[in-house]
>>> print(open('upload-v5.cif').read())   # mmCIF, C-alpha atoms
data_my_file
#
loop_
_atom_site.label_atom_id
_atom_site.label_comp_id
_atom_site.auth_asym_id
_atom_site.auth_seq_id
_atom_site.Cartn_x
_atom_site.Cartn_y
_atom_site.Cartn_z
CA MET A 1 10.63 -10.10 50.63
CA ILE A 2 7.03 -9.51 49.60
CA ARG A 3 4.45 -8.13 52.00
CA CYS A 4 0.74 -7.63 51.28
CA GLU A 5 -1.49 -5.80 53.75
CA ASN A 6 -5.24 -5.39 53.29
CA THR A 7 -4.83 -6.01 49.60
CA VAL A 8 -8.14 -5.84 47.84
CA LYS A 9 -9.07 -6.05 44.18
CA ARG A 10 -12.56 -5.17 43.01
CA TYR A 11 -14.22 -5.25 39.64
CA GLY A 12 -17.13 -2.90 40.18
CA GLU A 13 -19.18 -4.31 43.05
CA ARG A 14 -17.45 -7.68 42.93
CA THR A 15 -14.47 -8.32 45.22
CA VAL A 16 -12.15 -10.85 43.61
CA LEU A 17 -9.30 -10.67 46.10
CA ASP A 18 -9.16 -9.75 49.76
CA ILE A 19 -5.87 -10.56 51.49
CA LYS A 20 -5.58 -9.28 55.06
CA GLU A 21 -1.90 -10.12 55.46
CA LEU A 22 0.64 -12.12 53.52
CA THR A 23 4.42 -12.26 53.84
CA VAL A 24 6.70 -14.17 51.51
CA ASN A 25 10.28 -14.35 52.68
CA LYS A 26 13.27 -13.84 50.45
CA GLY A 27 14.45 -17.06 48.82
CA SER A 28 11.29 -19.00 49.54
CA SER A 29 9.15 -20.82 47.01
CA VAL A 30 5.42 -20.43 47.32
CA ALA A 31 2.69 -22.13 45.32
CA LEU A 32 -0.66 -20.45 44.97
CA THR A 33 -3.39 -22.95 44.42
CA GLY A 34 -7.16 -22.99 44.24
CA ALA A 35 -10.00 -23.30 41.79
CA ASN A 36 -10.55 -21.10 38.74
CA GLY A 37 -11.46 -17.59 39.80
CA SER A 38 -10.04 -18.03 43.29
CA GLY A 39 -7.72 -15.04 42.86
CA LYS A 40 -4.36 -16.68 42.08
CA SER A 41 -3.71 -14.74 38.89
CA THR A 42 -5.04 -11.52 40.39
CA LEU A 43 -2.63 -11.78 43.31
CA LEU A 44 0.29 -12.37 40.94
CA LYS A 45 -0.77 -9.43 38.77
CA ILE A 46 -0.94 -7.21 41.84
CA ILE A 47 2.53 -8.19 43.00
CA ALA A 48 3.84 -7.76 39.43
CA GLY A 49 2.29 -4.29 39.31
CA THR A 50 0.22 -4.93 36.20
CA THR A 51 -3.15 -4.18 37.78
CA ALA A 52 -4.53 -1.52 40.10
CA PHE A 53 -5.62 -2.49 43.61
CA GLU A 54 -6.45 -1.17 47.07
CA GLY A 55 -4.15 -1.66 50.05
CA THR A 56 -0.41 -2.11 50.30
CA VAL A 57 2.04 -4.41 48.56
CA ARG A 58 5.74 -4.08 49.22
CA ALA A 59 8.24 -6.08 47.22
CA SER A 60 11.98 -5.61 47.23
CA GLY A 61 14.09 -6.33 44.18
CA ARG A 62 13.46 -6.85 40.50
CA ILE A 63 10.31 -8.75 39.64
CA LEU A 64 9.80 -10.84 36.54
CA TYR A 65 6.34 -12.11 35.73
CA MET A 66 5.13 -14.70 33.25
CA PRO A 67 1.40 -14.26 32.63
CA GLN A 68 -1.00 -17.13 32.11
CA LYS A 69 -1.84 -15.98 28.60
CA ILE A 70 1.29 -16.75 26.64
CA ILE A 71 2.10 -14.72 23.56
CA ALA A 72 4.83 -15.54 21.09
CA PHE A 73 6.06 -12.33 19.51
CA ASP A 74 5.87 -12.28 15.70
CA MET A 75 9.62 -12.55 15.22
CA SER A 76 12.28 -15.27 15.37
CA VAL A 77 12.58 -17.45 18.47
CA LEU A 78 16.00 -15.91 19.13
CA SER A 79 14.66 -12.32 18.81
CA ASN A 80 11.84 -13.20 21.21
CA VAL A 81 14.46 -13.89 23.85
CA THR A 82 16.85 -11.06 23.04
CA PHE A 83 14.08 -8.44 22.87
CA SER A 84 14.17 -7.53 26.55
CA LEU A 85 17.98 -7.48 26.74
CA LYS A 86 20.27 -4.50 26.49
CA GLY A 87 23.87 -4.43 25.30
CA ARG A 88 25.86 -5.70 22.36
CA LYS A 89 24.13 -7.95 19.84
CA SER A 90 26.63 -10.79 20.20
CA GLU A 91 26.32 -10.77 24.00
CA LYS A 92 22.54 -10.68 23.85
CA GLU A 93 22.49 -13.58 21.40
CA GLU A 94 24.89 -15.59 23.50
CA ARG A 95 22.71 -15.18 26.59
CA ALA A 96 19.57 -15.91 24.61
CA MET A 97 21.03 -19.09 23.14
CA ALA A 98 21.99 -20.25 26.63
CA ALA A 99 18.40 -19.62 27.83
CA LEU A 100 16.97 -21.41 24.79
CA SER A 101 19.29 -24.30 25.42
CA ARG A 102 18.00 -24.55 29.01
CA VAL A 103 14.42 -24.98 27.81
CA GLY A 104 15.35 -27.26 24.89
CA LEU A 105 14.57 -24.82 22.07
CA LYS A 106 18.11 -24.11 20.86
CA GLU A 107 17.60 -25.87 17.52
CA LEU A 108 14.55 -23.76 16.73
CA TYR A 109 16.23 -20.37 17.21
CA LYS A 110 15.82 -19.29 13.57
CA LYS A 111 12.13 -20.20 13.28
CA ASN A 112 9.37 -17.64 13.55
CA ALA A 113 7.93 -18.00 17.04
CA LEU A 114 4.39 -18.10 15.65
CA THR A 115 5.11 -21.52 14.18
CA LEU A 116 5.82 -23.07 17.60
CA SER A 117 3.40 -25.43 19.33
CA GLY A 118 1.61 -24.43 22.54
CA GLY A 119 4.10 -26.30 24.71
CA GLU A 120 7.07 -24.81 22.86
CA CYS A 121 5.52 -21.37 23.29
CA ALA A 122 5.37 -21.89 27.04
CA ARG A 123 9.04 -22.88 27.09
CA LEU A 124 9.94 -19.89 24.90
CA SER A 125 8.05 -17.62 27.27
CA LEU A 126 10.05 -19.05 30.15
CA ALA A 127 13.33 -18.56 28.28
CA ARG A 128 12.33 -14.93 27.64
CA ILE A 129 11.90 -14.47 31.36
CA LEU A 130 14.92 -16.44 32.57
CA VAL A 131 17.39 -14.70 30.26
CA ASN A 132 17.02 -11.78 32.65
CA ASP A 133 18.19 -11.59 36.21
CA CYS A 134 15.62 -11.05 38.94
CA ASP A 135 14.97 -11.30 42.66
CA ILE A 136 11.34 -12.34 42.49
CA LEU A 137 9.92 -14.70 39.88
CA LEU A 138 6.17 -14.87 39.39
CA LEU A 139 4.80 -17.66 37.21
CA ASP A 140 1.12 -17.94 36.42
CA GLU A 141 0.31 -21.56 35.54
CA PRO A 142 3.43 -21.98 33.39
CA THR A 143 2.55 -25.57 32.52
CA GLY A 144 -1.18 -25.06 32.01
CA ALA A 145 -1.09 -26.20 28.37
CA VAL A 146 2.10 -28.25 28.39
CA ASP A 147 2.60 -32.03 28.10
CA ILE A 148 4.45 -34.15 30.69
CA GLU A 149 7.86 -33.83 29.03
CA GLY A 150 7.50 -30.07 28.65
CA THR A 151 6.29 -29.75 32.24
CA GLU A 152 9.39 -31.56 33.45
CA ILE A 153 11.67 -29.27 31.41
CA ILE A 154 9.91 -26.16 32.73
CA GLU A 155 9.93 -27.31 36.35
CA ASN A 156 13.60 -28.32 36.24
CA THR A 157 14.61 -25.07 34.55
CA VAL A 158 12.73 -22.98 37.09
CA ARG A 159 14.23 -24.92 40.02
CA GLU A 160 17.76 -24.44 38.62
CA TYR A 161 17.15 -20.72 38.09
CA ILE A 162 15.80 -20.24 41.60
CA SER A 163 18.67 -22.10 43.22
CA GLU A 164 21.34 -20.07 41.35
CA LYS A 165 20.77 -17.16 43.69
CA GLU A 166 18.48 -16.55 46.65
CA ARG A 167 15.51 -15.90 44.39
CA THR A 168 11.90 -15.85 45.50
CA LEU A 169 9.37 -17.87 43.52
CA ILE A 170 5.61 -17.60 43.50
CA ILE A 171 3.93 -20.02 41.16
CA ALA A 172 0.22 -20.32 40.52
CA THR A 173 -0.92 -23.86 39.84
CA HIS A 174 -4.07 -25.96 39.90
CA SER A 175 -2.12 -29.03 40.91
CA PRO A 176 -1.26 -29.73 44.57
CA LEU A 177 1.28 -32.21 43.23
CA GLN A 178 3.08 -29.54 41.22
CA ALA A 179 2.90 -27.34 44.29
CA LYS A 180 4.74 -30.08 46.18
CA ARG A 181 7.39 -30.40 43.47
CA MET A 182 8.00 -26.68 43.11
CA ALA A 183 7.39 -25.03 46.48
CA ASP A 184 8.06 -25.27 50.17
CA ARG A 185 4.85 -23.47 51.07
CA VAL A 186 1.35 -23.66 49.65
CA ILE A 187 -1.26 -20.95 49.86
CA MET A 188 -4.74 -22.00 48.90
CA LEU A 189 -7.18 -19.34 47.82
CA GLN A 190 -10.94 -19.56 47.75
CA LYS A 191 -13.07 -16.71 46.47
CA GLY A 192 -10.17 -14.30 46.87
CA SER A 193 -9.26 -15.20 50.46
CA ILE A 194 -6.53 -17.39 51.90
CA VAL A 195 -8.04 -20.61 53.27
CA GLU A 196 -4.88 -22.73 53.68
CA ASP A 197 -1.30 -21.68 54.33
CA CYS A 198 0.92 -24.68 55.01
CA SER A 199 3.58 -26.95 53.57
CA PRO A 200 2.71 -28.99 50.46
CA ASP A 201 2.84 -32.23 52.47
CA GLU A 202 0.44 -30.88 55.06
CA LEU A 203 -1.98 -29.84 52.34
CA LEU A 204 -1.84 -33.24 50.68
CA LYS A 205 -2.13 -35.21 53.95
CA ALA A 206 -4.44 -33.16 56.11
CA PRO A 207 -6.03 -30.06 54.66
CA SER A 208 -7.50 -27.98 57.46
CA THR A 209 -10.61 -26.81 55.62
CA GLU A 210 -13.46 -28.61 53.89
CA PHE A 211 -12.64 -26.85 50.64
CA GLY A 212 -8.99 -27.91 50.94
CA LYS A 213 -10.02 -31.55 51.46
CA LYS A 214 -12.37 -31.48 48.50
CA PHE A 215 -9.77 -29.83 46.27
CA VAL A 216 -7.01 -32.30 47.14
CA ASP A 217 -9.38 -35.28 46.90
CA MET A 218 -10.36 -34.26 43.41
CA TRP A 219 -6.71 -34.31 42.40
CA ARG A 220 -6.16 -37.72 43.99
CA TYR A 221 -9.18 -39.02 42.10
CA MET B 222 -3.32 3.53 -25.18
CA LEU B 223 -1.87 1.83 -22.13
CA LEU B 224 1.26 0.75 -23.95
CA SER B 225 1.86 4.15 -25.55
CA MET B 226 1.31 5.76 -22.12
CA ASP B 227 -0.99 8.62 -23.13
CA LYS B 228 0.03 11.91 -21.42
CA GLU B 229 -3.39 12.54 -19.94
CA LEU B 230 -3.60 8.98 -18.69
CA ILE B 231 -0.26 9.36 -16.91
CA GLN B 232 -1.38 12.68 -15.43
CA ILE B 233 -4.63 11.14 -14.15
CA ILE B 234 -2.78 8.19 -12.65
CA GLY B 235 -0.36 10.63 -11.01
CA VAL B 236 -3.15 12.72 -9.43
CA THR B 237 -4.96 9.58 -8.27
CA LEU B 238 -1.86 8.14 -6.64
CA LYS B 239 -0.94 11.49 -5.04
CA MET B 240 -4.43 11.92 -3.62
CA SER B 241 -4.63 8.33 -2.39
CA PHE B 242 -1.14 8.39 -0.89
CA PHE B 243 -1.57 11.61 1.08
CA SER B 244 -5.12 10.85 2.23
CA THR B 245 -3.99 7.41 3.44
CA LEU B 246 -0.95 8.91 5.15
CA ILE B 247 -2.95 11.63 6.95
CA SER B 248 -5.75 9.21 7.87
CA CYS B 249 -3.23 6.79 9.37
CA LEU B 250 -1.47 9.55 11.29
CA ILE B 251 -4.81 10.60 12.81
CA GLY B 252 -6.67 7.29 12.94
CA MET B 253 -4.01 4.96 14.30
CA PRO B 254 -3.15 6.87 17.51
CA LEU B 255 -6.87 7.56 18.02
CA GLY B 256 -7.64 3.88 17.54
CA VAL B 257 -5.14 2.99 20.27
CA LEU B 258 -6.50 5.75 22.52
CA ILE B 259 -10.12 4.67 22.10
CA GLU B 260 -9.28 1.07 22.89
CA LYS B 261 -6.82 1.64 25.74
CA GLY B 262 -7.63 5.05 27.11
CA SER B 263 -10.09 5.82 29.88
CA PHE B 264 -11.75 9.19 29.34
CA PHE B 265 -15.22 10.67 29.34
CA GLY B 266 -17.15 9.97 26.15
CA ARG B 267 -14.94 7.07 25.08
CA GLY B 268 -17.91 4.81 24.44
CA LEU B 269 -19.69 7.47 22.44
CA LEU B 270 -16.56 8.14 20.37
CA LYS B 271 -16.25 4.42 19.67
CA LYS B 272 -19.84 4.21 18.48
CA LEU B 273 -19.47 7.39 16.44
CA SER B 274 -16.38 6.10 14.67
CA SER B 275 -18.14 2.80 13.86
CA THR B 276 -21.07 4.75 12.46
CA LEU B 277 -18.78 6.98 10.40
CA MET B 278 -17.22 3.88 8.84
CA GLY B 279 -20.38 3.67 6.78
CA LEU B 280 -20.50 7.38 5.94
CA PRO B 281 -21.74 7.71 2.33
CA PRO B 282 -18.98 9.33 0.24
CA VAL B 283 -21.34 11.88 -1.30
CA VAL B 284 -22.36 13.03 2.18
CA ALA B 285 -18.71 13.46 3.13
CA GLY B 286 -18.18 15.31 -0.13
CA LEU B 287 -21.15 17.55 0.53
CA ILE B 288 -19.90 18.44 4.03
CA VAL B 289 -16.43 19.27 2.73
CA TYR B 290 -17.93 21.18 -0.18
CA MET B 291 -19.97 23.32 2.23
CA LEU B 292 -16.94 23.94 4.41
CA PHE B 293 -14.73 25.02 1.50
CA THR B 294 -17.23 26.80 -0.69
CA ARG B 295 -16.83 30.59 -0.98
CA TYR B 296 -19.26 31.21 1.91
CA GLY B 297 -18.03 28.27 4.01
CA ILE B 298 -15.81 28.42 7.11
CA PHE B 299 -12.70 27.66 5.06
CA GLY B 300 -13.89 29.45 1.95
CA SER B 301 -11.17 32.09 2.18
CA LEU B 302 -8.53 29.42 1.57
CA GLY B 303 -9.77 29.02 -1.97
CA LEU B 304 -9.16 25.30 -1.97
CA LEU B 305 -12.37 24.09 -3.55
CA PHE B 306 -11.75 22.10 -6.74
CA THR B 307 -8.14 21.34 -5.85
CA VAL B 308 -6.40 18.07 -5.06
CA GLU B 309 -5.89 19.34 -1.49
CA VAL B 310 -9.60 19.53 -0.78
CA MET B 311 -10.07 16.11 -2.36
CA ILE B 312 -7.56 14.82 0.17
CA VAL B 313 -9.56 16.46 2.97
CA ALA B 314 -12.72 14.68 1.82
CA GLN B 315 -10.86 11.38 1.57
CA VAL B 316 -9.39 11.83 5.04
CA MET B 317 -12.92 12.37 6.37
CA LEU B 318 -14.00 9.10 4.78
CA ILE B 319 -10.98 6.94 5.56
CA THR B 320 -10.01 8.04 9.07
CA PRO B 321 -12.96 6.25 10.77
CA VAL B 322 -12.01 3.07 8.88
CA VAL B 323 -8.38 3.31 10.02
CA LEU B 324 -9.48 4.13 13.55
CA CYS B 325 -11.86 1.17 13.85
CA LEU B 326 -9.48 -1.33 12.28
CA THR B 327 -6.58 -0.15 14.50
CA SER B 328 -8.85 -0.35 17.52
CA SER B 329 -9.69 -3.95 16.70
CA VAL B 330 -5.98 -4.83 16.30
CA VAL B 331 -5.33 -3.34 19.75
CA SER B 332 -8.30 -5.13 21.31
CA VAL B 333 -7.05 -8.51 20.07
CA SER B 334 -3.44 -8.41 21.20
CA GLY B 335 -3.07 -5.21 23.23
CA ASN B 336 -3.70 -6.48 26.75
CA PRO B 337 -1.82 -9.80 26.70
CA LEU B 338 1.10 -8.13 24.93
CA LYS B 339 1.22 -5.26 27.42
CA GLU B 340 1.08 -7.67 30.35
CA THR B 341 3.87 -9.80 28.87
CA ALA B 342 5.97 -6.69 28.23
CA ARG B 343 5.46 -5.44 31.77
CA GLY B 344 6.27 -8.88 33.11
CA LEU B 345 9.60 -8.64 31.29
CA GLY B 346 10.19 -5.21 32.80
CA LEU B 347 10.01 -3.36 29.46
CA LYS B 348 9.60 0.40 29.57
CA ARG B 349 6.73 2.18 27.79
CA GLY B 350 8.72 3.03 24.64
CA ARG B 351 10.00 -0.52 24.28
CA THR B 352 6.47 -1.87 24.83
CA LEU B 353 5.20 0.37 22.03
CA SER B 354 7.91 -0.82 19.67
CA LEU B 355 7.05 -4.43 20.60
CA PHE B 356 3.40 -3.72 19.79
CA LEU B 357 4.31 -2.22 16.41
CA ILE B 358 6.69 -5.05 15.49
CA HIS B 359 4.32 -7.78 16.66
CA ASN B 360 1.32 -6.28 14.85
CA ARG B 361 3.18 -4.99 11.77
CA ARG B 362 1.27 -7.28 9.39
CA ALA B 363 -2.13 -6.33 10.76
CA LEU B 364 -1.27 -2.63 10.81
CA LEU B 365 0.10 -2.75 7.27
CA SER B 366 -3.12 -4.37 6.22
CA VAL B 367 -5.00 -1.43 7.79
CA VAL B 368 -2.90 0.96 5.68
CA LEU B 369 -3.53 -1.03 2.52
CA THR B 370 -7.26 -1.20 3.18
CA ALA B 371 -7.32 2.58 3.61
CA PHE B 372 -5.38 3.06 0.38
CA GLY B 373 -7.73 0.68 -1.45
CA ARG B 374 -10.75 2.59 -0.22
CA SER B 375 -9.19 5.91 -1.20
CA ILE B 376 -8.20 4.94 -4.72
CA ALA B 377 -11.59 3.47 -5.53
CA GLU B 378 -13.67 6.41 -4.27
CA VAL B 379 -15.65 8.51 -6.70
CA GLY B 380 -18.57 10.37 -5.06
CA ALA B 381 -16.77 12.73 -2.70
CA VAL B 382 -13.80 13.51 -4.96
CA SER B 383 -16.09 14.24 -7.87
CA LEU B 384 -18.10 16.68 -5.76
CA VAL B 385 -15.23 18.61 -4.19
CA GLY B 386 -12.66 18.16 -6.96
CA GLY B 387 -14.97 19.02 -9.82
CA ASN B 388 -13.31 16.49 -12.16
CA ILE B 389 -11.26 19.24 -13.86
CA GLN B 390 -9.06 18.06 -16.74
CA TRP B 391 -5.30 18.22 -16.09
CA LYS B 392 -6.04 19.31 -12.51
CA THR B 393 -8.38 17.26 -10.31
CA ARG B 394 -9.38 14.44 -12.59
CA VAL B 395 -8.71 11.07 -11.03
CA MET B 396 -9.19 7.60 -12.45
CA THR B 397 -12.64 6.97 -11.05
CA THR B 398 -14.11 10.33 -12.08
CA ALA B 399 -12.45 10.06 -15.49
CA ILE B 400 -13.97 6.65 -16.07
CA LEU B 401 -17.38 8.06 -15.23
CA LEU B 402 -16.94 11.01 -17.60
CA GLU B 403 -15.46 9.08 -20.50
CA THR B 404 -18.21 6.48 -20.25
CA ASN B 405 -20.84 9.20 -20.36
CA LYS B 406 -19.13 10.63 -23.48
CA GLY B 407 -19.07 7.22 -25.07
CA LYS B 408 -15.24 7.10 -25.15
CA PHE B 409 -15.04 3.55 -23.96
CA THR B 410 -11.40 2.91 -24.98
CA PHE B 411 -10.03 5.58 -22.65
CA ALA B 412 -12.46 4.59 -19.89
CA LEU B 413 -11.48 0.98 -20.29
CA ALA B 414 -7.76 1.82 -20.20
CA LEU B 415 -8.28 3.72 -16.96
CA GLY B 416 -10.43 0.92 -15.63
CA ILE B 417 -7.68 -1.61 -16.32
CA VAL B 418 -5.08 0.52 -14.56
CA LEU B 419 -7.40 1.09 -11.59
CA LEU B 420 -8.18 -2.58 -11.47
CA ILE B 421 -4.50 -3.53 -11.52
CA ILE B 422 -3.67 -1.08 -8.72
CA SER B 423 -6.71 -2.14 -6.66
CA LEU B 424 -5.86 -5.78 -7.26
CA ILE B 425 -2.27 -5.32 -6.09
CA VAL B 426 -3.44 -3.43 -2.99
CA ASN B 427 -6.22 -5.86 -2.11
CA VAL B 428 -4.18 -9.01 -2.67
CA SER B 429 -1.39 -7.56 -0.51
CA ALA B 430 -3.90 -6.59 2.18
CA SER B 431 -5.57 -9.98 2.25
CA LEU B 432 -2.23 -11.83 2.30
CA LEU B 433 -0.95 -9.64 5.11
CA SER B 434 -4.12 -9.82 7.18
CA LYS B 435 -4.00 -13.62 6.83
CA GLY B 436 -0.54 -13.46 8.37
CA GLY B 437 -1.82 -11.07 11.01
CA LYS B 438 -4.60 -13.45 12.02
CA ASP B 439 -2.06 -15.99 13.16
CA SER B 440 -0.04 -13.43 15.00
CA ASP B 441 -1.31 -14.38 18.46
CA LYS B 442 -0.15 -17.74 19.54
CA MET B 443 -1.80 -18.39 22.86
#
>>> encode(input="upload-v5.cif", output="structure tokens")
Amino acid sequence: MIRCENTVKRYGERTVLDIKELTVNKGSSVALTGANGSGKSTLLKIIAGTTAFEGTVRASGRILYMPQKIIAFDMSVLSNVTFSLKGRKSEKEERAMAALSRVGLKELYKKNALTLSGGECARLSLARILVNDCDILLLDEPTGAVDIEGTEIIENTVREYISEKERTLIIATHSPLQAKRMADRVIMLQKGSIVEDCSPDELLKAPSTEFGKKFVDMWRY
Amino acid sequence: MLLSMDKELIQIIGVTLKMSFFSTLISCLIGMPLGVLIEKGSFFGRGLLKKLSSTLMGLPPVVAGLIVYMLFTRYGIFGSLGLLFTVEVMIVAQVMLITPVVLCLTSSVVSVSGNPLKETARGLGLKRGRTLSLFLIHNRRALLSVVLTAFGRSIAEVGAVSLVGGNIQWKTRVMTTAILLETNKGKFTFALALGIVLLIISLIVNVSASLLSKGGKDSDKM
């Protein structure tokens, strides 16, 4: 379970996130949506523990976090995936190959990761994450620069991973449609505050705020 | 002269390489951690230190030489060590010149890939030591290019080493100061031989640095 209370993030005078209360239950899938600069990434960074903040955030279990800015390490595709693993080389490679196979990059395991395309990089980054076990998975726009086929692979892989065990997923996305495909709850942020907290269907059919309506309409258009 | 490997020529090459190697090594040991600290650390005077190191990148070699000379001269703070006109003091002068270069270049490597890499590493649950090793592996080309640039600068320097080394035959004469002397004496064959060797070494270093930094440029696939 994740619980945020009076969670505030400021950059100097500017408040970029101000969450009074937020609870995400174990095993649930939540999509964070909203415009650029609404606070989606900041909230994920706070939960992942990669940025300082004011207030309280409690999260139980191991957290894995895939940032929005994807970096391919300057080493082979296989080494990218094995890097975070401990244990015997053969075991690590076996697990890494299974993860690469899940994201459709098995054939490229020998290549230097810097030679991969943007979409392949995103899938590699996901494989790097999913080769590990976790309780909470945080994904920051994992398909931001990925084509339709790649998006499908990433979404399917994440869904499979989540369903293997009662894992919690929080995914940041600009798309209400992806939110519907990936989550059972949508939280919409505007200027750092929660403006909608409902099911994906409710958001798509009848957003309760003007901003929500405008946001969803833009996606329909 | 080059083919017969003149004894003095070999000695001069040896002193030059020794001085360049140790000054590069010491500069990297000081400059690289400081470069990381300046870019990532949060302490009082960080901004000033950053500006100072950028300014010192353009420190004229003769000025560095003069400062070191004054420090190590008989009446200087370190005068009692009796190191003036030795290879050791030449290394000190070189370190003074090269460290700001190493520091600034390392700082720029960190500023390019430091944050995204750290965030990715933390997202994977990597501990601090493992994150550092990831940083070093990921940026190995760029960091190696920093080392080679420092070495290139060191081997080609003449002003400071001439001032504090004194260009003493069989002792502190290096390739650049020897070229200067031999040219002044009109011994162009020896100067040319040294020039060719210096050029070959500089060429090897610079080509390696440029090839490696080209590789380093592509090291961040976003």
>>> atom_distance(input="upload-v5.cif", atom1="CA of Ala412 (chain B)", atom2="CA of Val379 (chain B)")
14.1 Å
>>> closest_residue(input="upload-v5.cif", among="A:Asp74, A:Glu149, A:Asp18, A:Glu93", to="Val195 (chain A)", atoms="all atoms listed in the file")
A:Asp18
>>> atom_distance(input="upload-v5.cif", atom1="CA of Val395 (chain B)", atom2="CA of Val236 (chain B)")
6.0 Å
>>> resolve_selection(input="upload-v5.cif", expression="the PyMOL selection byres ((chain A) within 7 of (chain B))", output="list in words")
Ala48, Thr50, Leu64, Tyr65, Met66, Pro67, Lys69, Ile70, Ile71, Ala72, Phe73, Asp74, Ser84, Leu114, Gly118 and Ile129 of chain A
>>> write_last_selection(input="upload-v5.cif", atoms="C-alpha atoms", output="PDB file, keeping the file's coordinate frame")
ATOM      1  CA  ALA A  48       3.840  -7.760  39.430  1.00  0.00           C
ATOM      2  CA  THR A  50       0.220  -4.930  36.200  1.00  0.00           C
ATOM      3  CA  LEU A  64       9.800 -10.840  36.540  1.00  0.00           C
ATOM      4  CA  TYR A  65       6.340 -12.110  35.730  1.00  0.00           C
ATOM      5  CA  MET A  66       5.130 -14.700  33.250  1.00  0.00           C
ATOM      6  CA  PRO A  67       1.400 -14.260  32.630  1.00  0.00           C
ATOM      7  CA  LYS A  69      -1.840 -15.980  28.600  1.00  0.00           C
ATOM      8  CA  ILE A  70       1.290 -16.750  26.640  1.00  0.00           C
ATOM      9  CA  ILE A  71       2.100 -14.720  23.560  1.00  0.00           C
ATOM     10  CA  ALA A  72       4.830 -15.540  21.090  1.00  0.00           C
ATOM     11  CA  PHE A  73       6.060 -12.330  19.510  1.00  0.00           C
ATOM     12  CA  ASP A  74       5.870 -12.280  15.700  1.00  0.00           C
ATOM     13  CA  SER A  84      14.170  -7.530  26.550  1.00  0.00           C
ATOM     14  CA  LEU A 114       4.390 -18.100  15.650  1.00  0.00           C
ATOM     15  CA  GLY A 118       1.610 -24.430  22.540  1.00  0.00           C
ATOM     16  CA  ILE A 129      11.900 -14.470  31.360  1.00  0.00           C
TER      17      ILE A 129
END
>>> closest_residue(input="upload-v5.cif", among="A:Thr51, A:Asn156, A:Ser76, A:Ser60", to="Val103 (chain A)", atoms="all atoms listed in the file")
A:Asn156
>>> atom_distance(input="upload-v5.cif", atom1="CA of Ser274 (chain B)", atom2="CA of Phe293 (chain B)")
23.1 Å
>>> residues_around(input="upload-v5.cif", residues="region 98-102 of chain A", least_positions_apart="2", cutoff="7 Å", atoms="all atoms listed in the file", output="MDAnalysis selection string")
chainID A and resid 94:96 104:106 127 130:131 157
>>> write_last_selection(input="upload-v5.cif", atoms="C-alpha atoms", output="PDB file, keeping the file's coordinate frame")
ATOM      1  CA  GLU A  94      24.890 -15.590  23.500  1.00  0.00           C
ATOM      2  CA  ARG A  95      22.710 -15.180  26.590  1.00  0.00           C
ATOM      3  CA  ALA A  96      19.570 -15.910  24.610  1.00  0.00           C
ATOM      4  CA  GLY A 104      15.350 -27.260  24.890  1.00  0.00           C
ATOM      5  CA  LEU A 105      14.570 -24.820  22.070  1.00  0.00           C
ATOM      6  CA  LYS A 106      18.110 -24.110  20.860  1.00  0.00           C
ATOM      7  CA  ALA A 127      13.330 -18.560  28.280  1.00  0.00           C
ATOM      8  CA  LEU A 130      14.920 -16.440  32.570  1.00  0.00           C
ATOM      9  CA  VAL A 131      17.390 -14.700  30.260  1.00  0.00           C
ATOM     10  CA  THR A 157      14.610 -25.070  34.550  1.00  0.00           C
TER      11      THR A 157
END
>>> closest_residue(input="upload-v5.cif", among="B:Ile319, B:Cys325, B:Ile233, B:Val331", to="Ser275 (chain B)", atoms="all atoms listed in the file")
B:Cys325
>>> axis_aligned_box(input="upload-v5.cif", around="region 311-319 of chain B", padding_each_side="6 Å", output="JSON")
{"center_x": -10.8, "center_y": 11.7, "center_z": 2.0, "size_x": 18.4, "size_y": 21.5, "size_z": 20.7}
>>> closest_residue(input="upload-v5.cif", among="A:Asp133, A:Glu210, A:Glu155, A:Glu91", to="Ile63 (chain A)", atoms="only C-alpha atoms")
A:Asp133
>>> resolve_selection(input="upload-v5.cif", expression="the PyMOL selection byres ((chain B and resi 253) around 9)", output="PyMOL selection string")
chain B and resi 248-252+254-258+320+323-328+364
>>> decode(input="upload-v5.cif", residues="region 353-359 of chain B", atoms="N, CA and C atoms", output="tab-separated table (two decimals), in the first residue's frame")
chain	number	residue	atom	x	y	z
B	353	LEU	N	27.90	4.20	-8.69
B	353	LEU	CA	29.18	4.80	-9.08
B	353	LEU	C	29.85	3.96	-10.16
B	354	SER	N	29.81	2.64	-9.98
B	354	SER	CA	30.46	1.79	-10.99
B	354	SER	C	29.69	1.87	-12.32
B	355	LEU	N	28.37	2.04	-12.24
B	355	LEU	CA	27.58	2.21	-13.47
B	355	LEU	C	27.99	3.51	-14.17
B	356	PHE	N	28.16	4.57	-13.37
B	356	PHE	CA	28.56	5.86	-13.93
B	356	PHE	C	29.92	5.75	-14.63
B	357	LEU	N	30.86	5.05	-13.98
B	357	LEU	CA	32.20	4.93	-14.56
B	357	LEU	C	32.19	4.07	-15.82
B	358	ILE	N	31.41	3.00	-15.80
B	358	ILE	CA	31.36	2.13	-16.99
B	358	ILE	C	30.67	2.88	-18.14
B	359	HIS	N	29.53	3.49	-17.81
B	359	HIS	CA	28.74	4.17	-18.85
B	359	HIS	C	29.53	5.33	-19.48
